[in-house]
>>> print(open('upload.csv').read())   # CSV, C-alpha atoms
chain,number,residue,atom,x,y,z
A,12,MET,CA,-109.5,75.4,46.5
A,13,GLN,CA,-112.2,72.9,45.5
A,14,LYS,CA,-112.5,71.8,41.9
A,15,GLN,CA,-116.1,72.9,41.8
A,16,GLU,CA,-115.2,76.3,43.1
A,17,ILE,CA,-112.6,76.7,40.4
A,18,ILE,CA,-115.1,75.7,37.7
A,19,GLU,CA,-117.7,78.1,39.0
A,20,LYS,CA,-115.2,81.0,38.8
A,21,LEU,CA,-113.8,79.8,35.4
A,22,THR,CA,-117.1,79.4,33.6
A,23,PRO,CA,-118.0,83.1,33.4
A,24,ILE,CA,-114.5,83.9,32.2
A,25,PHE,CA,-114.7,81.3,29.4
A,26,ARG,CA,-118.3,82.5,28.5
A,27,GLU,CA,-117.2,86.1,28.3
A,28,VAL,CA,-113.9,85.6,26.4
A,29,PHE,CA,-115.1,83.0,23.9
A,30,SER,CA,-118.5,84.8,23.5
A,31,ASP,CA,-120.6,81.8,24.3
A,32,SER,CA,-123.2,82.3,27.1
A,33,THR,CA,-124.0,78.6,27.3
A,34,LEU,CA,-120.5,77.2,27.4
A,35,GLU,CA,-120.2,74.4,30.0
A,36,LEU,CA,-116.6,73.4,31.0
A,37,ARG,CA,-115.4,69.8,30.7
A,38,ASP,CA,-112.1,68.5,31.7
A,39,GLU,CA,-111.2,67.2,28.2
A,40,MET,CA,-112.3,70.4,26.4
A,41,THR,CA,-109.5,71.9,24.2
A,42,ALA,CA,-109.2,74.9,21.9
A,43,SER,CA,-110.5,72.8,19.0
A,44,ASP,CA,-113.8,72.2,20.8
A,45,VAL,CA,-114.6,76.0,21.3
A,46,ALA,CA,-115.5,78.1,18.3
A,47,ASN,CA,-113.7,81.3,19.2
A,48,TRP,CA,-110.7,79.8,21.0
A,49,ASP,CA,-107.8,81.1,19.0
A,50,SER,CA,-104.4,82.6,19.9
A,51,LEU,CA,-105.8,86.0,20.7
A,52,THR,CA,-108.7,84.8,22.9
A,53,HIS,CA,-106.4,82.2,24.5
A,54,MET,CA,-104.2,85.1,25.7
A,55,LEU,CA,-107.2,87.0,26.9
A,56,MET,CA,-108.5,84.0,28.8
A,57,ILE,CA,-105.2,83.3,30.5
A,58,THR,CA,-104.7,87.0,31.6
A,59,GLU,CA,-108.3,87.1,32.8
A,60,VAL,CA,-107.8,83.9,34.8
A,61,GLU,CA,-104.6,85.3,36.4
A,62,LYS,CA,-106.5,88.5,37.3
A,63,GLN,CA,-109.6,86.8,38.7
A,64,PHE,CA,-107.7,84.2,40.7
A,65,GLY,CA,-104.9,86.6,41.7
A,66,ILE,CA,-102.2,84.2,40.4
A,67,LYS,CA,-99.4,84.3,37.9
A,68,PHE,CA,-98.7,81.3,35.7
A,69,LYS,CA,-95.2,80.2,34.8
A,70,LEU,CA,-94.5,79.6,31.1
A,71,LYS,CA,-93.9,75.9,31.9
A,72,ASP,CA,-97.5,75.8,33.5
A,73,LEU,CA,-99.0,77.4,30.4
A,74,ASN,CA,-97.5,74.8,28.1
A,75,LYS,CA,-98.7,71.9,30.2
A,76,MET,CA,-102.3,73.0,29.7
A,77,LYS,CA,-103.5,70.7,27.0
A,78,HIS,CA,-107.2,70.9,28.1
A,79,VAL,CA,-109.4,72.6,30.7
A,80,GLY,CA,-108.7,69.8,33.2
A,81,ASN,CA,-105.0,70.7,33.2
A,82,LEU,CA,-105.9,74.4,33.6
A,83,ILE,CA,-108.0,73.5,36.7
A,84,GLU,CA,-105.1,71.4,38.1
A,85,VAL,CA,-102.6,74.2,37.6
A,86,ILE,CA,-104.9,76.7,39.3
A,87,ASN,CA,-105.5,74.3,42.1
A,88,SER,CA,-101.7,73.8,42.6
A,89,LYS,CA,-101.3,77.6,43.1
A,90,PHE,CA,-103.5,77.4,46.2
A,91,GLU,CA,-101.9,74.3,47.8
B,14,MET,CA,-73.3,80.4,-4.4
B,15,ASP,CA,-70.2,78.9,-2.6
B,16,LYS,CA,-69.9,82.1,-0.6
B,17,TYR,CA,-73.1,81.5,1.3
B,18,SER,CA,-73.4,78.9,4.0
B,19,PHE,CA,-76.6,77.6,5.6
B,20,ARG,CA,-77.2,76.4,9.2
B,21,PRO,CA,-79.8,76.3,12.0
B,22,ALA,CA,-80.1,79.5,14.0
B,23,THR,CA,-78.8,79.7,17.6
B,24,LEU,CA,-79.3,82.1,20.4
B,25,LYS,CA,-76.3,84.1,19.1
B,26,ASP,CA,-78.4,85.0,16.0
B,27,ILE,CA,-81.2,86.5,18.1
B,28,ASP,CA,-80.8,90.1,16.8
B,29,PHE,CA,-81.0,88.9,13.2
B,30,ILE,CA,-84.0,86.6,13.9
B,31,VAL,CA,-85.8,89.5,15.7
B,32,ASN,CA,-85.2,91.6,12.7
B,33,THR,CA,-86.4,88.8,10.4
B,34,ILE,CA,-89.7,88.6,12.3
B,35,ILE,CA,-90.2,92.3,12.2
B,36,GLU,CA,-89.4,92.8,8.6
B,37,ALA,CA,-91.5,89.7,7.5
B,38,GLU,CA,-94.4,90.9,9.6
B,39,LYS,CA,-94.3,94.3,7.9
B,40,SER,CA,-94.2,92.6,4.5
B,41,GLY,CA,-92.6,95.6,2.8
B,42,THR,CA,-94.8,98.2,4.4
B,43,ASP,CA,-94.5,100.2,7.6
B,44,LYS,CA,-97.3,98.4,9.4
B,45,LEU,CA,-96.1,96.1,12.2
B,46,GLY,CA,-99.0,94.1,13.4
B,47,LEU,CA,-97.2,93.1,16.6
B,48,ALA,CA,-96.9,96.8,17.5
B,49,THR,CA,-100.3,98.1,16.3
B,50,LEU,CA,-102.4,95.2,17.7
B,51,PHE,CA,-100.7,95.3,21.1
B,52,ASN,CA,-100.3,99.1,21.3
B,53,LEU,CA,-96.5,98.9,21.4
B,54,THR,CA,-93.7,100.7,19.6
B,55,GLU,CA,-91.3,98.9,17.3
B,56,ASP,CA,-88.6,99.2,19.9
B,57,ASN,CA,-90.9,97.6,22.5
B,58,VAL,CA,-91.6,94.7,20.0
B,59,ARG,CA,-87.9,94.2,19.4
B,60,GLU,CA,-87.3,94.0,23.2
B,61,TYR,CA,-90.2,91.6,23.8
B,62,LEU,CA,-89.3,89.4,20.9
B,63,HIS,CA,-85.8,89.1,22.3
B,64,GLN,CA,-87.2,87.8,25.6
B,65,ILE,CA,-89.7,85.5,23.8
B,66,LEU,CA,-86.9,83.9,21.7
B,67,GLU,CA,-84.7,83.5,24.8
B,68,GLU,CA,-87.3,81.2,26.3
B,69,GLU,CA,-86.4,78.6,23.7
B,70,ILE,CA,-89.8,77.1,23.4
B,71,ASP,CA,-89.8,74.8,20.3
B,72,GLY,CA,-92.5,74.3,17.7
B,73,CYS,CA,-93.8,77.7,16.7
B,74,GLU,CA,-92.9,80.9,14.8
B,75,PHE,CA,-91.3,82.4,18.0
B,76,SER,CA,-88.9,79.5,18.4
B,77,ILE,CA,-85.2,80.1,17.7
B,78,SER,CA,-85.0,76.3,16.8
B,79,SER,CA,-87.5,76.9,14.0
B,80,PHE,CA,-85.1,79.1,12.0
B,81,LEU,CA,-82.5,78.3,9.4
B,82,VAL,CA,-80.1,81.1,8.4
B,83,ALA,CA,-77.8,81.9,5.5
B,84,GLU,CA,-74.4,83.4,6.3
B,85,TYR,CA,-72.1,85.5,4.2
B,86,ARG,CA,-68.6,86.2,5.6
B,87,GLY,CA,-69.7,85.2,9.1
B,88,LYS,CA,-72.7,87.4,9.1
B,89,CYS,CA,-76.4,86.4,8.9
B,90,VAL,CA,-78.0,87.7,5.7
B,91,ALA,CA,-81.2,85.7,5.4
B,92,ALA,CA,-83.5,83.6,7.6
B,93,VAL,CA,-86.6,81.4,7.2
B,94,GLY,CA,-88.6,79.8,10.0
B,95,GLY,CA,-90.4,76.5,9.7
B,96,TRP,CA,-91.7,73.7,11.9
B,97,LYS,CA,-94.0,70.6,11.8
B,98,GLU,CA,-97.3,71.6,13.3
B,99,GLY,CA,-97.9,69.9,16.6
B,100,ASP,CA,-94.5,68.3,16.8
B,101,ASN,CA,-93.3,69.8,20.1
B,102,GLU,CA,-92.7,68.6,23.6
B,103,ASP,CA,-96.2,69.3,24.8
B,104,GLU,CA,-98.0,68.5,21.5
B,105,LEU,CA,-99.7,71.8,21.5
B,106,PRO,CA,-100.9,73.8,18.4
B,107,SER,CA,-98.3,76.5,17.5
B,108,ALA,CA,-101.0,79.1,17.9
B,109,ILE,CA,-101.3,78.2,21.6
B,110,LEU,CA,-97.5,78.1,22.1
B,111,LYS,CA,-97.3,81.6,20.5
B,112,ALA,CA,-100.2,82.9,22.6
B,113,ASN,CA,-98.6,81.5,25.8
B,114,LEU,CA,-95.3,83.2,25.0
B,115,LEU,CA,-96.9,86.6,24.1
B,116,GLY,CA,-99.2,86.3,27.2
B,117,TYR,CA,-96.3,85.5,29.4
B,118,ILE,CA,-93.9,88.2,28.2
B,119,LEU,CA,-96.2,91.1,27.2
B,120,PRO,CA,-97.7,93.5,29.8
B,121,HIS,CA,-101.3,92.8,30.7
B,122,GLU,CA,-102.4,96.2,29.3
B,123,SER,CA,-101.1,95.2,25.9
B,124,ILE,CA,-103.1,92.0,26.0
B,125,ALA,CA,-106.2,93.9,27.1
B,126,PHE,CA,-105.7,96.3,24.2
B,127,THR,CA,-106.0,93.5,21.6
B,128,LYS,CA,-109.5,92.7,22.9
B,129,LYS,CA,-110.7,95.7,21.0
B,130,GLN,CA,-108.8,94.6,17.9
B,131,ALA,CA,-109.9,91.0,17.8
B,132,ASP,CA,-112.7,91.6,15.2
B,133,ILE,CA,-110.4,93.4,12.9
B,134,ILE,CA,-108.1,90.5,12.2
B,135,LYS,CA,-110.7,87.7,12.5
B,136,GLY,CA,-111.1,87.2,8.8
B,137,ILE,CA,-107.4,86.6,8.1
B,138,GLN,CA,-106.5,84.4,11.0
B,139,ILE,CA,-105.5,81.1,9.4
B,140,GLU,CA,-105.7,77.8,11.3
B,141,ARG,CA,-102.7,75.6,10.8
B,142,VAL,CA,-103.2,72.0,9.7
B,143,TRP,CA,-102.0,69.5,12.3
B,144,GLY,CA,-99.0,67.4,11.1
B,145,SER,CA,-98.3,69.7,8.1
B,146,TYR,CA,-95.0,71.7,7.7
B,147,GLN,CA,-95.4,75.4,8.2
B,148,ILE,CA,-93.0,78.0,6.7
B,149,GLU,CA,-93.3,81.4,8.5
B,150,TYR,CA,-91.1,84.5,8.4
B,151,VAL,CA,-89.0,84.7,5.3
B,152,TYR,CA,-86.4,87.5,5.1
B,153,VAL,CA,-83.4,88.3,3.0
B,154,ASP,CA,-81.2,91.3,3.6
B,155,ASN,CA,-81.5,93.9,0.9
B,156,ASN,CA,-77.9,93.6,-0.3
B,157,HIS,CA,-78.3,89.8,-0.8
B,158,ARG,CA,-81.6,89.6,-2.8
B,159,GLY,CA,-81.7,88.0,-6.2
B,160,GLN,CA,-79.5,85.1,-5.0
B,161,ASN,CA,-82.4,82.7,-4.3
B,162,LEU,CA,-81.4,82.6,-0.7
B,163,ALA,CA,-85.1,82.3,0.4
B,164,GLY,CA,-85.6,79.5,-2.0
B,165,LYS,CA,-82.5,77.6,-0.8
B,166,LEU,CA,-83.6,78.0,2.9
B,167,ILE,CA,-87.2,76.9,2.1
B,168,ASN,CA,-85.8,73.8,0.3
B,169,LEU,CA,-83.6,73.0,3.4
B,170,HIS,CA,-86.8,73.2,5.5
B,171,ILE,CA,-88.6,70.9,3.1
B,172,GLU,CA,-85.7,68.4,3.4
B,173,LYS,CA,-86.2,68.6,7.2
B,174,SER,CA,-89.9,68.1,6.9
B,175,GLN,CA,-89.5,64.3,6.5
B,176,ASN,CA,-92.9,62.7,6.2
B,177,CYS,CA,-95.0,65.9,6.0
B,178,LYS,CA,-97.2,65.6,2.9
B,179,ASN,CA,-98.1,69.3,2.8
B,180,ILE,CA,-95.9,72.4,3.2
B,181,TYR,CA,-97.8,75.6,3.9
B,182,VAL,CA,-96.7,79.3,3.7
B,183,GLN,CA,-98.9,82.3,4.3
B,184,THR,CA,-98.3,85.7,2.7
B,185,PHE,CA,-100.2,89.0,2.3
B,186,SER,CA,-101.6,89.0,-1.3
B,187,ASN,CA,-99.8,92.3,-2.1
B,188,ASN,CA,-96.4,90.8,-1.6
B,189,ASN,CA,-95.8,89.9,-5.3
B,190,ALA,CA,-92.1,89.1,-4.8
B,191,ALA,CA,-92.9,86.4,-2.2
B,192,ILE,CA,-95.8,85.0,-4.2
B,193,HIS,CA,-93.5,84.8,-7.3
B,194,THR,CA,-90.8,82.9,-5.3
B,195,TYR,CA,-93.3,80.5,-3.8
B,196,LYS,CA,-95.0,79.8,-7.1
B,197,LYS,CA,-91.6,79.1,-8.7
B,198,MET,CA,-90.9,76.6,-6.0
B,199,GLY,CA,-94.2,74.7,-6.7
B,200,PHE,CA,-96.5,76.3,-4.2
B,201,ILE,CA,-100.0,76.9,-5.3
B,202,ILE,CA,-102.7,79.1,-3.8
B,203,ASP,CA,-104.8,76.9,-1.5
B,204,GLN,CA,-107.1,79.5,0.0
B,205,ILE,CA,-107.6,83.3,0.1
B,206,TYR,CA,-108.6,85.0,3.4
B,207,THR,CA,-110.0,88.5,3.4
B,208,SER,CA,-111.0,90.9,6.1
B,209,ASP,CA,-113.9,93.3,5.3
B,210,ASN,CA,-113.1,95.5,8.2
B,211,SER,CA,-112.0,98.8,6.8
B,212,GLU,CA,-109.9,99.6,9.9
B,213,ILE,CA,-107.5,96.8,9.1
B,214,GLU,CA,-105.3,99.0,6.9
B,215,TYR,CA,-104.2,100.9,10.1
B,216,TYR,CA,-103.0,97.7,11.7
B,217,LEU,CA,-101.7,95.3,9.1
B,218,PRO,CA,-99.9,95.5,5.8
B,219,TYR,CA,-102.9,94.4,3.7
B,220,ASN,CA,-106.5,93.1,4.1
B,221,ARG,CA,-106.0,89.9,2.2
B,222,LYS,CA,-103.8,86.9,2.9
B,223,LEU,CA,-103.0,83.9,0.8
B,224,LEU,CA,-102.4,80.4,2.1
B,225,MET,CA,-100.1,78.6,-0.3
B,226,LYS,CA,-99.4,74.9,-0.4
B,227,LYS,CA,-96.9,72.6,-1.8
B,228,THR,CA,-97.6,68.8,-1.8
B,229,ILE,CA,-94.7,66.5,-1.6
B,230,GLN,CA,-95.2,63.4,-3.9
>>> encode(input="upload.csv", output="structure tokens")
Amino acid sequence: MQKQEIIEKLTPIFREVFSDSTLELRDEMTASDVANWDSLTHMLMITEVEKQFGIKFKLKDLNKMKHVGNLIEVINSKFE
Amino acid sequence: MDKYSFRPATLKDIDFIVNTIIEAEKSGTDKLGLATLFNLTEDNVREYLHQILEEEIDGCEFSISSFLVAEYRGKCVAAVGGWKEGDNEDELPSAILKANLLGYILPHESIAFTKKQADIIKGIQIERVWGSYQIEYVYVDNNHRGQNLAGKLINLHIEKSQNCKNIYVQTFSNNNAAIHTYKKMGFIIDQIYTSDNSEIEYYLPYNRKLLMKKTIQ
């Protein structure tokens, strides 16, 4: 899966979950950069990503996701 | 006090730690946020907390390594959790570690259920200060109260906290016994968080939380 393709699919999920219709994803973006990114919305975002991409993360994968760039890499690895 | 001994919790103490989390969450009431917010029964919560603690992820309130226990005649009678915020293998905020554990273990329909409840708890979600020491989940068995076991365990955490300048503990503002204990130990009220959502009483023990702080000189 191409990185751009992943970003295009991720953006509406982020905008919906974090209630920000103009949110633009950047590799280095973390929870502290997004107003509504807390433990509850983080869970919702992860489950929505799993649902939309048809994948299941391992706990190890989840804990390696320090920023959006890591999330994209992990999603990509599921399609390799 | 010689009859009590203190040590870090291990996987063998899981039942007691699960109980500690549940009782501390209820804060003397019958409202268990982990059940009400995720549409689970208390038995479900017990089972999922077991699985979560067995993952042995360090650095948050659902880490077996965060807990210290007090033992009496070979049996756990008190426990207190604590960790340095951000001091974990992946340098993640504890809120994210906790969310990853819940998201990984709980059924998707439980996570989806919380979507509707997010607004209810918004006002009393407290962000943890990076690099500070966090005390979370304090519990003493009924038969062993009045022995200052919570205070002893919190002091052992403070000894472990090394170069953390600030120690934080959160409590619902109706938990007078806890507030009294923390004040006696030198904690002061740092901030008050209130939810104006009238539905909160169906989900959580109280609508107001205190963030208490102790600064180490």
>>> closest_residue(input="upload.csv", among="A:Leu73, A:Thr22, A:Leu36, A:Val79", to="Met54 in chain A", atoms="all atoms listed in the file")
A:Leu73
>>> closest_atom_pairs(input="upload.csv", of="chain A", to="chain B", cutoff="7 Å", atoms="all atoms listed in the file", output="Markdown table")
| residue | atom | partner | partner_atom | distance |
| --- | --- | --- | --- | --- |
| A:Ser50 | CA | B:Ala112 | CA | 5.0 |
| A:Leu51 | CA | B:Ala112 | CA | 6.7 |
| A:His53 | CA | B:Ala112 | CA | 6.5 |
| A:Met54 | CA | B:Gly116 | CA | 5.4 |
| A:Leu55 | CA | B:Ile124 | CA | 6.5 |
| A:Thr58 | CA | B:His121 | CA | 6.8 |
| A:Leu70 | CA | B:Tyr117 | CA | 6.4 |
| A:Leu73 | CA | B:Asn113 | CA | 6.2 |
| A:Asn74 | CA | B:Asp103 | CA | 6.5 |
| A:Lys75 | CA | B:Asp103 | CA | 6.5 |
| A:Lys77 | CA | B:Leu105 | CA | 6.8 |
>>> residues_around(input="upload.csv", residues="Ile66 in chain A", least_positions_apart="3", cutoff="10 Å", atoms="only C-alpha atoms", output="PyMOL selection string")
chain A and resi 58+60-63+69+86+89-90
>>> residues_near_point(input="upload.csv", point="(-109.2, 87.3, 6.8)", cutoff="6 Å", atoms="only C-alpha atoms", output="PDB file with C-alpha atoms, in the frame of the given file")
ATOM      1  CA  LYS B 135    -110.700  87.700  12.500  1.00  0.00           C
ATOM      2  CA  GLY B 136    -111.100  87.200   8.800  1.00  0.00           C
ATOM      3  CA  ILE B 137    -107.400  86.600   8.100  1.00  0.00           C
ATOM      4  CA  GLN B 138    -106.500  84.400  11.000  1.00  0.00           C
ATOM      5  CA  TYR B 206    -108.600  85.000   3.400  1.00  0.00           C
ATOM      6  CA  THR B 207    -110.000  88.500   3.400  1.00  0.00           C
ATOM      7  CA  SER B 208    -111.000  90.900   6.100  1.00  0.00           C
TER       8      SER B 208
END
>>> closest_residue(input="upload.csv", among="B:Gln204, B:Ala190, B:Pro21, B:Ile213", to="Gly41 in chain B", atoms="only C-alpha atoms")
B:Ala190
>>> residues_around(input="upload.csv", residues="Glu91 in chain A", least_positions_apart="4", cutoff="12 Å", atoms="all atoms listed in the file", output="PDB file with C-alpha atoms, in the coordinates of the input")
ATOM      1  CA  MET A  12    -109.500  75.400  46.500  1.00  0.00           C
ATOM      2  CA  GLN A  13    -112.200  72.900  45.500  1.00  0.00           C
ATOM      3  CA  GLU A  84    -105.100  71.400  38.100  1.00  0.00           C
ATOM      4  CA  VAL A  85    -102.600  74.200  37.600  1.00  0.00           C
ATOM      5  CA  ILE A  86    -104.900  76.700  39.300  1.00  0.00           C
ATOM      6  CA  ASN A  87    -105.500  74.300  42.100  1.00  0.00           C
TER       7      ASN A  87
END
